[in-house]
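start.pdb (PDB, C-alpha atoms)
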```
ATOM      1  CA  MET R 189       0.000   0.000   0.000
ATOM      2  CA  ALA R 190       2.767   2.476   0.925
ATOM      3  CA  ARG R 191       4.546   1.671  -2.356
ATOM      4  CA  ASP R 192       1.348   2.482  -4.306
ATOM      5  CA  ILE R 193       1.078   5.846  -2.554
ATOM      6  CA  ALA R 194       4.768   6.637  -3.102
ATOM      7  CA  ALA R 195       4.354   5.932  -6.831
ATOM      8  CA  ARG R 196       1.626   8.608  -6.973
ATOM      9  CA  VAL R 197       3.679  11.355  -5.303
ATOM     10  CA  PRO R 198       5.994  13.245  -7.696
ATOM     11  CA  PRO R 199       9.618  14.056  -6.808
ATOM     12  CA  GLY R 200       9.963  16.805  -4.203
ATOM     13  CA  GLN R 201       6.366  16.393  -2.979
ATOM     14  CA  TYR R 202       4.826  14.965   0.203
ATOM     15  CA  ALA R 203       1.342  13.501   0.647
ATOM     16  CA  THR R 204      -1.103  15.276   2.945
ATOM     17  CA  GLU R 205      -4.707  14.770   4.035
ATOM     18  CA  LYS R 206      -5.206  18.547   4.248
ATOM     19  CA  TRP R 207      -6.233  20.802   1.394
ATOM     20  CA  PRO R 208      -4.266  23.991   2.066
ATOM     21  CA  VAL R 209      -5.689  27.322   0.941
ATOM     22  CA  LEU R 210      -3.270  29.309  -1.176
ATOM     23  CA  HIS R 211      -4.003  32.234  -3.463
ATOM     24  CA  TYR R 212      -2.918  35.743  -4.274
ATOM     25  CA  GLY R 213      -5.348  38.537  -3.379
ATOM     26  CA  GLY R 214      -8.813  38.434  -1.868
ATOM     27  CA  ILE R 215     -11.776  36.161  -2.439
ATOM     28  CA  PRO R 216     -14.180  37.558  -5.057
ATOM     29  CA  ARG R 217     -17.904  37.813  -4.420
ATOM     30  CA  PHE R 218     -20.196  35.643  -6.513
ATOM     31  CA  ASP R 219     -23.350  37.190  -7.982
ATOM     32  CA  PRO R 220     -25.252  34.589 -10.027
ATOM     33  CA  THR R 221     -27.239  37.325 -11.793
ATOM     34  CA  THR R 222     -24.134  38.861 -13.404
ATOM     35  CA  TRP R 223     -21.672  35.943 -13.460
ATOM     36  CA  ASP R 224     -20.764  34.500 -16.855
ATOM     37  CA  PHE R 225     -18.245  32.175 -18.457
ATOM     38  CA  ARG R 226     -16.798  33.021 -21.874
ATOM     39  CA  VAL R 227     -14.907  31.128 -24.561
ATOM     40  CA  PHE R 228     -13.353  33.438 -27.150
ATOM     41  CA  GLY R 229     -10.332  33.959 -29.363
ATOM     42  CA  LEU R 230      -9.687  31.267 -31.976
ATOM     43  CA  VAL R 231     -13.153  29.736 -31.961
ATOM     44  CA  VAL R 232     -15.852  29.573 -34.639
ATOM     45  CA  GLU R 233     -18.657  30.439 -32.220
ATOM     46  CA  PRO R 234     -17.657  32.628 -29.264
ATOM     47  CA  LEU R 235     -19.557  31.424 -26.238
ATOM     48  CA  ARG R 236     -21.039  33.113 -23.198
ATOM     49  CA  LEU R 237     -22.753  30.976 -20.560
ATOM     50  CA  THR R 238     -24.592  32.097 -17.449
ATOM     51  CA  TYR R 239     -24.008  30.128 -14.274
ATOM     52  CA  ASP R 240     -27.335  28.317 -14.687
ATOM     53  CA  GLU R 241     -26.512  27.438 -18.318
ATOM     54  CA  LEU R 242     -23.131  26.061 -17.313
ATOM     55  CA  ARG R 243     -24.624  24.026 -14.466
ATOM     56  CA  ALA R 244     -27.225  22.576 -16.867
ATOM     57  CA  LEU R 245     -24.498  20.901 -18.975
ATOM     58  CA  PRO R 246     -23.870  17.168 -18.431
ATOM     59  CA  GLU R 247     -22.005  16.629 -15.176
ATOM     60  CA  VAL R 248     -19.244  14.100 -14.475
ATOM     61  CA  THR R 249     -17.177  13.041 -11.476
ATOM     62  CA  ILE R 250     -13.421  12.463 -11.592
ATOM     63  CA  THR R 251     -11.040  11.179  -8.946
ATOM     64  CA  CYS R 252      -7.471  12.405  -9.202
ATOM     65  CA  ASP R 253      -4.347  13.369  -7.315
ATOM     66  CA  VAL R 254      -3.463  17.054  -7.073
ATOM     67  CA  HIS R 255       0.025  18.481  -6.629
ATOM     68  CA  CYS R 256       0.844  21.993  -5.453
ATOM     69  CA  VAL R 257       4.031  23.790  -6.447
ATOM     70  CA  THR R 258       4.601  24.415  -2.702
ATOM     71  CA  ALA R 259       5.341  20.650  -2.376
ATOM     72  CA  TRP R 260       2.119  19.110  -1.026
ATOM     73  CA  SER R 261       0.145  16.440  -2.854
ATOM     74  CA  ARG R 262      -3.378  15.371  -1.961
ATOM     75  CA  LEU R 263      -4.252  11.943  -3.283
ATOM     76  CA  GLY R 264      -7.643  10.642  -4.366
ATOM     77  CA  MET R 265      -9.617  13.897  -4.507
ATOM     78  CA  THR R 266     -13.035  13.710  -6.137
ATOM     79  CA  PHE R 267     -14.314  16.634  -8.213
ATOM     80  CA  GLU R 268     -17.730  17.143  -9.837
ATOM     81  CA  GLY R 269     -18.478  19.479 -12.709
ATOM     82  CA  VAL R 270     -18.618  19.733 -16.461
ATOM     83  CA  PRO R 271     -15.827  18.406 -18.701
ATOM     84  CA  VAL R 272     -13.868  21.263 -20.266
ATOM     85  CA  ARG R 273     -14.066  19.404 -23.567
ATOM     86  CA  THR R 274     -17.873  19.802 -23.545
ATOM     87  CA  VAL R 275     -17.605  23.591 -23.320
ATOM     88  CA  LEU R 276     -14.852  23.807 -25.946
ATOM     89  CA  GLU R 277     -16.845  21.676 -28.380
ATOM     90  CA  ARG R 278     -19.768  24.107 -28.146
ATOM     91  CA  ALA R 279     -17.468  26.974 -29.160
ATOM     92  CA  LYS R 280     -15.928  24.969 -32.023
ATOM     93  CA  VAL R 281     -12.206  25.519 -31.536
ATOM     94  CA  ARG R 282     -10.404  26.539 -34.713
ATOM     95  CA  PRO R 283      -7.555  24.270 -35.926
ATOM     96  CA  GLU R 284      -4.865  26.915 -35.415
ATOM     97  CA  ALA R 285      -5.614  27.134 -31.671
ATOM     98  CA  GLN R 286      -2.848  25.389 -29.717
ATOM     99  CA  PHE R 287      -2.916  27.160 -26.344
ATOM    100  CA  VAL R 288      -5.418  28.587 -23.896
ATOM    101  CA  MET R 289      -5.168  31.575 -21.609
ATOM    102  CA  VAL R 290      -7.405  30.829 -18.654
ATOM    103  CA  HIS R 291      -9.059  33.968 -17.264
ATOM    104  CA  ALA R 292     -10.308  34.188 -13.683
ATOM    105  CA  ASP R 293     -11.745  36.823 -11.380
ATOM    106  CA  GLN R 294      -9.509  39.693 -10.263
ATOM    107  CA  GLY R 295      -7.529  39.604 -13.519
ATOM    108  CA  TYR R 296      -5.773  36.307 -12.764
ATOM    109  CA  GLN R 297      -4.583  34.345 -15.809
ATOM    110  CA  THR R 298      -2.725  31.100 -16.403
ATOM    111  CA  ASN R 299      -1.614  29.514 -19.660
ATOM    112  CA  LEU R 300      -2.055  25.903 -20.800
ATOM    113  CA  PRO R 301      -1.523  23.860 -23.932
ATOM    114  CA  LEU R 302      -4.967  23.205 -25.435
ATOM    115  CA  SER R 303      -4.375  19.443 -25.317
ATOM    116  CA  TYR R 304      -4.584  19.488 -21.490
ATOM    117  CA  LEU R 305      -8.043  21.041 -21.589
ATOM    118  CA  GLN R 306      -9.269  18.560 -24.186
ATOM    119  CA  ALA R 307      -8.217  15.601 -22.005
ATOM    120  CA  ASP R 308     -10.711  13.431 -20.125
ATOM    121  CA  ASP R 309      -9.509  14.642 -16.718
ATOM    122  CA  ALA R 310      -9.912  18.411 -17.323
ATOM    123  CA  LEU R 311     -12.958  19.701 -15.466
ATOM    124  CA  LEU R 312     -14.803  22.889 -14.613
ATOM    125  CA  ALA R 313     -15.646  21.913 -11.043
ATOM    126  CA  TRP R 314     -18.126  23.181  -8.468
ATOM    127  CA  ARG R 315     -17.790  20.330  -5.960
ATOM    128  CA  ALA R 316     -14.843  18.617  -4.262
ATOM    129  CA  ASP R 317     -15.005  15.488  -2.120
ATOM    130  CA  GLY R 318     -18.801  15.513  -2.058
ATOM    131  CA  GLN R 319     -19.210  19.148  -0.956
ATOM    132  CA  ASP R 320     -19.696  22.402  -2.851
ATOM    133  CA  LEU R 321     -16.386  24.205  -3.231
ATOM    134  CA  THR R 322     -15.863  26.805  -0.552
ATOM    135  CA  PRO R 323     -15.147  30.376  -1.690
ATOM    136  CA  ASP R 324     -11.485  30.077  -0.646
ATOM    137  CA  HIS R 325     -11.128  26.979  -2.854
ATOM    138  CA  GLY R 326     -12.658  28.658  -5.906
ATOM    139  CA  TRP R 327     -16.468  28.709  -5.563
ATOM    140  CA  PRO R 328     -18.424  28.994  -7.796
ATOM    141  CA  LEU R 329     -16.134  27.428 -10.425
ATOM    142  CA  ARG R 330     -12.621  26.050 -10.417
ATOM    143  CA  LEU R 331     -10.630  24.609 -13.259
ATOM    144  CA  VAL R 332      -9.155  21.184 -12.470
ATOM    145  CA  VAL R 333      -6.165  20.026 -14.552
ATOM    146  CA  PRO R 334      -4.651  17.307 -12.358
ATOM    147  CA  ARG R 335      -1.655  16.443 -14.551
ATOM    148  CA  LEU R 336      -0.061  19.845 -13.880
ATOM    149  CA  TYR R 337       0.824  21.722 -10.695
ATOM    150  CA  PHE R 338      -2.349  23.032  -9.142
ATOM    151  CA  TRP R 339      -1.681  26.737  -9.843
ATOM    152  CA  LYS R 340      -2.733  25.827 -13.391
ATOM    153  CA  SER R 341      -6.145  24.796 -11.946
ATOM    154  CA  ALA R 342      -7.318  28.382 -11.593
ATOM    155  CA  LYS R 343      -9.832  29.305  -8.907
ATOM    156  CA  TRP R 344     -12.824  31.544  -9.732
ATOM    157  CA  VAL R 345     -12.389  30.749 -13.428
ATOM    158  CA  ARG R 346     -14.400  32.920 -15.843
ATOM    159  CA  GLY R 347     -13.223  32.082 -19.338
ATOM    160  CA  PHE R 348     -10.919  30.552 -21.908
ATOM    161  CA  GLU R 349      -9.135  32.535 -24.601
ATOM    162  CA  LEU R 350      -7.962  30.245 -27.430
ATOM    163  CA  LEU R 351      -4.545  31.200 -28.842
ATOM    164  CA  ALA R 352      -2.204  30.127 -31.638
ATOM    165  CA  LYS R 353       0.903  30.952 -29.570
ATOM    166  CA  ASP R 354       1.625  30.515 -25.884
ATOM    167  CA  ARG R 355       1.952  33.515 -23.604
ATOM    168  CA  PRO R 356       2.583  33.661 -19.855
ATOM    169  CA  GLY R 357      -0.127  34.093 -17.242
ATOM    170  CA  PHE R 358       0.175  35.751 -13.818
ATOM    171  CA  TRP R 359       2.483  33.295 -12.025
ATOM    172  CA  GLU R 360       4.382  32.511 -15.217
ATOM    173  CA  ARG R 361       5.246  36.222 -15.584
ATOM    174  CA  ASN R 362       6.427  36.121 -11.968
ATOM    175  CA  GLY R 363       8.938  33.281 -12.199
ATOM    176  CA  TYR R 364       6.871  30.096 -12.401
ATOM    177  CA  HIS R 365       7.435  27.573 -15.175
ATOM    178  CA  MET R 366       5.435  27.981 -18.400
ATOM    179  CA  HIS R 367       4.344  24.315 -18.346
ATOM    180  CA  GLY R 368       4.251  23.081 -14.728
ATOM    181  CA  ASP R 369       4.627  19.285 -14.898
ATOM    182  CA  PRO R 370       5.020  17.967 -11.313
ATOM    183  CA  TRP R 371       6.725  14.764 -12.479
ATOM    184  CA  LYS R 372       9.470  16.851 -14.103
ATOM    185  CA  GLU R 373       9.547  19.329 -11.166
ATOM    186  CA  GLU R 374       8.776  22.234 -13.525
ATOM    187  CA  ARG R 375       8.207  24.648 -10.658
ATOM    188  CA  TYR R 376      10.093  27.760 -11.681
ATOM    189  CA  SER R 377      11.338  29.274 -14.917
ATOM    190  CA  SER R 378      14.937  29.361 -13.676
ATOM    191  CA  PRO R 379      16.811  27.694 -10.809
ATOM    192  CA  TRP R 380      16.924  29.704  -7.590
TER     193      TRP R 380
END
```

Written form, structure tokens:
Amino acid sequence: MARDIAARVPPGQYATEKWPVLHYGGIPRFDPTTWDFRVFGLVVEPLRLTYDELRALPEVTITCDVHCVTAWSRLGMTFEGVPVRTVLERAKVRPEAQFVMVHADQGYQTNLPLSYLQADDALLAWRADGQDLTPDHGWPLRLVVPRLYFWKSAKWVRGFELLAKDRPGFWERNGYHMHGDPWKEERYSSPW
């Protein structure tokens, strides 16, 4: 059993039962009457969904391990929400789109290769471990991309901008790695 757990924890990480709260800035207020989610940029049909429209899409549950750049890993988390692929298919991504800039409340952004958002384990989540997300964990909507460090799983996510070329988001402009693979320890853009 311990060997199975060790195989799921990337180099430089430790397993924890806790789900630490880490973010930059305050916690935004959620107003369901004005909240929306947008998909724009290199798409055939730019998309704007209200919270109710997003919640009406087919829901799935995934179980995954999450890894924070600060060295903790939480194993076997369960998230519920809508697959990112479902939302992207509605917007009809253009062939030249290769990257996505994820936009969140308070101007936060993070960049991802499009392929990560089209994968089966990419989710727009509103529940974690059987409970609605709390505001400090991203309520009403959090991106979940478990194959990358968890800063790429933006809290309070509000939209996807499809791009032909990669560009850095908030943490990437401030010294974090452009990709963020925990198995390769892609924490920072340069050694400290």

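Selection check: the PyMOL selection byres ((chain R and resi 256) around 9) on the shown file gives Gln201, Val254, His255, Val257, Thr258, Ala259, Trp260, Ser261, Arg262, Leu336, Tyr337, Phe338, Trp339 and Pro370 of chain R.
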
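Taking atom CA of Gln294 of chain R as the reference point, atom CA of Thr238 of chain R is found at 18.4 Å.
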
So which residues are close to (-15.9, 5.9, -14.3), meaning at most 12 Å away in the file's coordinates with all atoms listed in the file counted, and can you show them as a ChimeraX atom specification?
/R:248-252,266,308-309

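A straight line drawn from atom CA of Lys280 of chain R to atom CA of Glu360 of chain R is 27.4 Å long.
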
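Considering only C-alpha atoms, the residue among R:Lys343, R:Tyr376, R:Asp253, R:Tyr296 positioned nearest to Glu205 of chain R is R:Asp253.
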
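Atom pair atom CA of Gly264 of chain R / atom CA of Asp317 of chain R: separated by 9.1 Å.
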
Considering all atoms listed in the file, state which residue in the set R:Leu276, R:Ile215, R:Val288, R:Met265 is at the smallest distance from Pro334 of chain R.
R:Met265

Apply the PyMOL selection byres ((chain R and resi 320-326) around 12) to the structure shown and report the selected residues as an NGL selection string.
:R and (207-218 or 266-269 or 292-293 or 312-319 or 327-332 or 338-339 or 341-346)

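With all atoms listed in the file as the atoms that count, the residue of R:Arg335, R:Glu284, R:Leu242, R:Arg278 with the shortest distance to Lys372 of chain R is R:Arg335.
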
Residues picked by the PyMOL selection byres ((chain R and resi 224) around 8) here, as a PyMOL selection string?
chain R and resi 222-223+225-226+236-239+346

Counting only C-alpha atoms, which of R:Gln306, R:Thr204, R:Thr221, R:Gln286 gets nearest to Leu350 of chain R?
R:Gln286

Please work out which residues fall within 12 Å of (2.1, 34.6, -14.1), coordinates as given in the file, with only C-alpha atoms counting, and return them as an mmCIF file with C-alpha atoms, keeping the file's coordinate frame.
```
data_model
loop_
_atom_site.group_PDB
_atom_site.id
_atom_site.type_symbol
_atom_site.label_atom_id
_atom_site.label_comp_id
_atom_site.auth_asym_id
_atom_site.auth_seq_id
_atom_site.Cartn_x
_atom_site.Cartn_y
_atom_site.Cartn_z
ATOM 1 C CA TYR R 212 -2.918 35.743 -4.274
ATOM 2 C CA MET R 289 -5.168 31.575 -21.609
ATOM 3 C CA VAL R 290 -7.405 30.829 -18.654
ATOM 4 C CA HIS R 291 -9.059 33.968 -17.264
ATOM 5 C CA GLY R 295 -7.529 39.604 -13.519
ATOM 6 C CA TYR R 296 -5.773 36.307 -12.764
ATOM 7 C CA GLN R 297 -4.583 34.345 -15.809
ATOM 8 C CA THR R 298 -2.725 31.100 -16.403
ATOM 9 C CA ASN R 299 -1.614 29.514 -19.660
ATOM 10 C CA LEU R 300 -2.055 25.903 -20.800
ATOM 11 C CA TRP R 339 -1.681 26.737 -9.843
ATOM 12 C CA LYS R 340 -2.733 25.827 -13.391
ATOM 13 C CA ALA R 342 -7.318 28.382 -11.593
ATOM 14 C CA ARG R 355 1.952 33.515 -23.604
ATOM 15 C CA PRO R 356 2.583 33.661 -19.855
ATOM 16 C CA GLY R 357 -0.127 34.093 -17.242
ATOM 17 C CA PHE R 358 0.175 35.751 -13.818
ATOM 18 C CA TRP R 359 2.483 33.295 -12.025
ATOM 19 C CA GLU R 360 4.382 32.511 -15.217
ATOM 20 C CA ARG R 361 5.246 36.222 -15.584
ATOM 21 C CA ASN R 362 6.427 36.121 -11.968
ATOM 22 C CA GLY R 363 8.938 33.281 -12.199
ATOM 23 C CA TYR R 364 6.871 30.096 -12.401
ATOM 24 C CA HIS R 365 7.435 27.573 -15.175
ATOM 25 C CA MET R 366 5.435 27.981 -18.400
ATOM 26 C CA HIS R 367 4.344 24.315 -18.346
ATOM 27 C CA GLY R 368 4.251 23.081 -14.728
ATOM 28 C CA TYR R 376 10.093 27.760 -11.681
ATOM 29 C CA SER R 377 11.338 29.274 -14.917
#
```
